[in-house]
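File shown here: input_27.tsv, holding TSV, N, CA and C atoms.
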chain	number	residue	atom	x	y	z
U	1	MET	N	-14.89	-8.68	25.39
U	1	MET	CA	-13.71	-7.89	25.09
U	1	MET	C	-12.58	-8.78	24.59
U	2	ASN	N	-12.41	-9.96	25.16
U	2	ASN	CA	-11.35	-10.88	24.71
U	2	ASN	C	-11.58	-11.35	23.29
U	3	GLU	N	-12.85	-11.51	22.91
U	3	GLU	CA	-13.15	-11.96	21.55
U	3	GLU	C	-12.72	-10.91	20.53
U	4	GLU	N	-12.89	-9.64	20.86
U	4	GLU	CA	-12.46	-8.57	19.96
U	4	GLU	C	-10.95	-8.59	19.78
U	5	ASN	N	-10.21	-8.80	20.87
U	5	ASN	CA	-8.75	-8.86	20.79
U	5	ASN	C	-8.29	-10.06	19.98
U	6	GLU	N	-8.96	-11.21	20.14
U	6	GLU	CA	-8.59	-12.40	19.39
U	6	GLU	C	-8.85	-12.21	17.90
U	7	GLN	N	-9.98	-11.57	17.55
U	7	GLN	CA	-10.26	-11.31	16.14
U	7	GLN	C	-9.24	-10.36	15.55
U	8	LYS	N	-8.85	-9.34	16.32
U	8	LYS	CA	-7.85	-8.39	15.86
U	8	LYS	C	-6.51	-9.08	15.64
U	9	ASN	N	-6.13	-10.00	16.53
U	9	ASN	CA	-4.88	-10.72	16.40
U	9	ASN	C	-4.89	-11.65	15.19
U	10	ASN	N	-6.04	-12.23	14.88
U	10	ASN	CA	-6.14	-13.15	13.75
U	10	ASN	C	-6.11	-12.42	12.41
U	11	GLN	N	-6.47	-11.13	12.40
U	11	GLN	CA	-6.49	-10.38	11.15
U	11	GLN	C	-5.10	-10.03	10.66
U	12	GLY	N	-4.14	-9.97	11.53
U	12	GLY	CA	-2.80	-9.59	11.14
U	12	GLY	C	-2.63	-8.08	11.14
U	13	LEU	N	-1.48	-7.65	10.70
U	13	LEU	CA	-1.17	-6.23	10.66
U	13	LEU	C	-1.71	-5.59	9.39
U	14	PRO	N	-2.19	-4.35	9.49
U	14	PRO	CA	-2.53	-3.62	8.26
U	14	PRO	C	-1.27	-3.37	7.43
U	15	THR	N	-1.43	-3.19	6.15
U	15	THR	CA	-0.30	-3.05	5.24
U	15	THR	C	0.62	-1.89	5.63
U	16	LEU	N	0.04	-0.74	5.96
U	16	LEU	CA	0.87	0.41	6.31
U	16	LEU	C	1.66	0.16	7.59
U	17	SER	N	1.06	-0.54	8.55
U	17	SER	CA	1.78	-0.87	9.78
U	17	SER	C	2.94	-1.82	9.49
U	18	LEU	N	2.71	-2.77	8.59
U	18	LEU	CA	3.76	-3.70	8.20
U	18	LEU	C	4.92	-2.97	7.54
U	19	ILE	N	4.61	-2.07	6.62
U	19	ILE	CA	5.65	-1.30	5.93
U	19	ILE	C	6.40	-0.42	6.93
U	20	GLY	N	5.67	0.23	7.82
U	20	GLY	CA	6.31	1.05	8.84
U	20	GLY	C	7.22	0.24	9.73
U	21	SER	N	6.79	-0.96	10.10
U	21	SER	CA	7.62	-1.82	10.93
U	21	SER	C	8.88	-2.28	10.19
U	22	LEU	N	8.75	-2.54	8.89
U	22	LEU	CA	9.92	-2.94	8.10
U	22	LEU	C	10.94	-1.81	8.04
U	23	PHE	N	10.48	-0.59	7.79
U	23	PHE	CA	11.40	0.55	7.74
U	23	PHE	C	12.03	0.80	9.10
U	24	ALA	N	11.22	0.78	10.15
U	24	ALA	CA	11.74	1.03	11.49
U	24	ALA	C	12.74	-0.05	11.90
U	25	GLY	N	12.44	-1.28	11.57
U	25	GLY	CA	13.35	-2.37	11.90
U	25	GLY	C	14.65	-2.29	11.09
U	26	ALA	N	14.54	-1.90	9.84
U	26	ALA	CA	15.73	-1.80	8.99
U	26	ALA	C	16.69	-0.73	9.48
U	27	PHE	N	16.14	0.35	10.02
U	27	PHE	CA	16.98	1.44	10.49
U	27	PHE	C	17.23	1.38	11.99
U	28	GLY	N	16.68	0.36	12.66
U	28	GLY	CA	16.97	0.15	14.07
U	28	GLY	C	16.29	1.11	15.02
U	29	VAL	N	15.12	1.62	14.66
U	29	VAL	CA	14.42	2.57	15.51
U	29	VAL	C	13.04	2.07	15.93
U	30	GLN	N	12.82	0.79	15.90
U	30	GLN	CA	11.53	0.20	16.27
U	30	GLN	C	11.29	0.33	17.77
U	31	THR	N	10.10	0.76	18.16
U	31	THR	CA	9.78	0.86	19.58
U	31	THR	C	9.40	-0.50	20.13
U	32	LYS	N	9.54	-0.66	21.41
U	32	LYS	CA	9.19	-1.94	22.06
U	32	LYS	C	7.70	-2.23	21.88
U	33	LYS	N	6.88	-1.19	21.98
U	33	LYS	CA	5.43	-1.35	21.82
U	33	LYS	C	5.10	-1.90	20.44
U	34	ASN	N	5.69	-1.32	19.41
U	34	ASN	CA	5.43	-1.78	18.04
U	34	ASN	C	6.02	-3.16	17.79
U	35	ARG	N	7.18	-3.43	18.35
U	35	ARG	CA	7.79	-4.75	18.19
U	35	ARG	C	6.91	-5.83	18.82
U	36	ASP	N	6.39	-5.55	20.01
U	36	ASP	CA	5.48	-6.50	20.66
U	36	ASP	C	4.22	-6.71	19.83
U	37	ARG	N	3.67	-5.62	19.27
U	37	ARG	CA	2.50	-5.72	18.40
U	37	ARG	C	2.80	-6.59	17.18
U	38	ASP	N	3.99	-6.40	16.59
U	38	ASP	CA	4.37	-7.17	15.42
U	38	ASP	C	4.44	-8.66	15.73
U	39	PHE	N	5.02	-9.00	16.89
U	39	PHE	CA	5.13	-10.41	17.24
U	39	PHE	C	3.78	-11.04	17.55
U	40	LYS	N	2.85	-10.25	18.06
U	40	LYS	CA	1.53	-10.79	18.39
U	40	LYS	C	0.61	-10.86	17.18
U	41	GLN	N	0.62	-9.83	16.34
U	41	GLN	CA	-0.33	-9.75	15.24
U	41	GLN	C	0.26	-10.10	13.88
U	42	GLY	N	1.56	-9.89	13.71
U	42	GLY	CA	2.17	-10.08	12.41
U	42	GLY	C	2.37	-11.54	12.05
U	43	LYS	N	2.42	-11.79	10.78
U	43	LYS	CA	2.69	-13.13	10.26
U	43	LYS	C	4.14	-13.19	9.80
U	44	PHE	N	4.82	-14.25	10.16
U	44	PHE	CA	6.25	-14.40	9.89
U	44	PHE	C	6.56	-14.24	8.41
U	45	HIS	N	5.81	-14.91	7.56
U	45	HIS	CA	6.13	-14.87	6.12
U	45	HIS	C	5.92	-13.48	5.52
U	46	HIS	N	5.02	-12.67	6.09
U	46	HIS	CA	4.86	-11.30	5.59
U	46	HIS	C	6.13	-10.49	5.83
U	47	PHE	N	6.74	-10.68	6.99
U	47	PHE	CA	7.97	-9.94	7.30
U	47	PHE	C	9.14	-10.45	6.46
U	48	ILE	N	9.20	-11.73	6.20
U	48	ILE	CA	10.29	-12.29	5.37
U	48	ILE	C	10.18	-11.75	3.95
U	49	ILE	N	8.98	-11.84	3.37
U	49	ILE	CA	8.78	-11.36	2.00
U	49	ILE	C	9.01	-9.85	1.93
U	50	GLY	N	8.47	-9.12	2.88
U	50	GLY	CA	8.66	-7.67	2.91
U	50	GLY	C	10.12	-7.29	3.06
U	51	GLY	N	10.85	-8.02	3.90
U	51	GLY	CA	12.28	-7.76	4.09
U	51	GLY	C	13.08	-8.01	2.83
U	52	ILE	N	12.75	-9.07	2.12
U	52	ILE	CA	13.45	-9.37	0.87
U	52	ILE	C	13.17	-8.28	-0.17
U	53	ILE	N	11.91	-7.89	-0.29
U	53	ILE	CA	11.55	-6.83	-1.24
U	53	ILE	C	12.24	-5.53	-0.87
U	54	PHE	N	12.24	-5.18	0.42
U	54	PHE	CA	12.90	-3.96	0.88
U	54	PHE	C	14.39	-4.01	0.55
U	55	ALA	N	15.04	-5.13	0.78
U	55	ALA	CA	16.48	-5.25	0.52
U	55	ALA	C	16.78	-5.08	-0.97
U	56	ILE	N	15.95	-5.67	-1.82
U	56	ILE	CA	16.16	-5.55	-3.27
U	56	ILE	C	15.99	-4.10	-3.71
U	57	ILE	N	14.93	-3.45	-3.24
U	57	ILE	CA	14.70	-2.05	-3.61
U	57	ILE	C	15.83	-1.17	-3.09
U	58	PHE	N	16.29	-1.42	-1.88
U	58	PHE	CA	17.37	-0.63	-1.29
U	58	PHE	C	18.66	-0.77	-2.11
U	59	VAL	N	19.02	-1.98	-2.48
U	59	VAL	CA	20.24	-2.21	-3.26
U	59	VAL	C	20.12	-1.56	-4.63
U	60	LEU	N	18.96	-1.69	-5.28
U	60	LEU	CA	18.77	-1.07	-6.59
U	60	LEU	C	18.83	0.46	-6.49
U	61	ALA	N	18.27	1.01	-5.42
U	61	ALA	CA	18.31	2.47	-5.24
U	61	ALA	C	19.75	2.96	-5.04
U	62	VAL	N	20.52	2.27	-4.23
U	62	VAL	CA	21.91	2.66	-4.00
U	62	VAL	C	22.71	2.53	-5.30
U	63	ALA	N	22.50	1.44	-6.02
U	63	ALA	CA	23.21	1.26	-7.29
U	63	ALA	C	22.83	2.34	-8.28
U	64	GLY	N	21.55	2.72	-8.33
U	64	GLY	CA	21.11	3.78	-9.23
U	64	GLY	C	21.71	5.13	-8.87
U	65	ILE	N	21.79	5.42	-7.58
U	65	ILE	CA	22.40	6.68	-7.14
U	65	ILE	C	23.88	6.71	-7.49
U	66	VAL	N	24.58	5.61	-7.26
U	66	VAL	CA	26.00	5.55	-7.60
U	66	VAL	C	26.20	5.73	-9.09
U	67	LYS	N	25.37	5.06	-9.89
U	67	LYS	CA	25.47	5.19	-11.35
U	67	LYS	C	25.23	6.63	-11.79
U	68	LEU	N	24.23	7.28	-11.19
U	68	LEU	CA	23.92	8.66	-11.51
U	68	LEU	C	25.08	9.59	-11.15
U	69	VAL	N	25.66	9.42	-10.00
U	69	VAL	CA	26.78	10.25	-9.56
U	69	VAL	C	28.00	10.01	-10.44
U	70	MET	N	28.28	8.76	-10.76
U	70	MET	CA	29.43	8.45	-11.59
U	70	MET	C	29.28	9.01	-13.01
U	71	SER	N	28.06	8.97	-13.54
U	71	SER	CA	27.86	9.48	-14.91
U	71	SER	C	27.94	11.01	-14.94
U	72	SER	N	27.48	11.65	-13.89
U	72	SER	CA	27.54	13.11	-13.87
U	72	SER	C	28.96	13.62	-13.57
U	73	ALA	N	29.79	12.77	-12.98
U	73	ALA	CA	31.17	13.14	-12.70
U	73	ALA	C	32.07	12.88	-13.91
U	74	GLY	N	31.52	12.23	-14.92
U	74	GLY	CA	32.28	11.95	-16.14
U	74	GLY	C	33.22	10.77	-16.01
U	75	VAL	N	32.94	9.89	-15.08
U	75	VAL	CA	33.80	8.72	-14.89
U	75	VAL	C	33.27	7.55	-15.67
Please render this file's structure as structure tokens.
Amino acid sequence: MNEENEQKNNQGLPTLSLIGSLFAGAFGVQTKKNRDRDFKQGKFHHFIIGGIIFAIIFVLAVAGIVKLVMSSAGV
């Protein structure tokens, strides 16, 4: 049984779990269970890269929404 857990820990987090953890962490709603799983199974550089990509997409989305609202308001 321990060997199965060690293999699971070495595989890292599945992509959807990583994305879910990034969103939950960004909005401050991460559960303790998931946070513990992330620290045990996740790789540090995956979270750094994912966080940077998330931040860039978030800023571009906000800028796009502001641009859209400003253009429709005639400003």
Picked from chain U by DSSP as alpha helix (DSSP H), as a ChimeraX atom specification:
/U:2-11,15-27,32-41,44-72
Box dimensions and centre (Å, one decimal) enclosing stretch 39-57 of chain U, axis-aligned, 8 Å extra per side, as AutoDock Vina command-line options:
--center_x 8.2 --center_y -8.0 --center_z 7.3 --size_x 33.1 --size_y 29.7 --size_z 38.1
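Atom C of U:His46 to atom CA of U:Asn34 spans 15.0 Å [interatomic distance, one decimal].
Atom pair atom N of U:Lys32 / atom N of U:Ala55 has a distance of 21.8 Å (rounded to one decimal).
Coordinates place atom CA of U:Pro14 at a distance of 15.0 Å from atom CA of U:Asp36.
Proximity of U:Ala63, U:Phe58, U:Ser21, U:Ala26 to U:Asp38, computed with only N, CA and C atoms, is greatest for U:Ser21.
Shortest atom-to-atom contact with U:Gly12 among U:Val66, U:Gly42, U:Lys33, U:Gly25: U:Gly42, counting only N, CA and C atoms.
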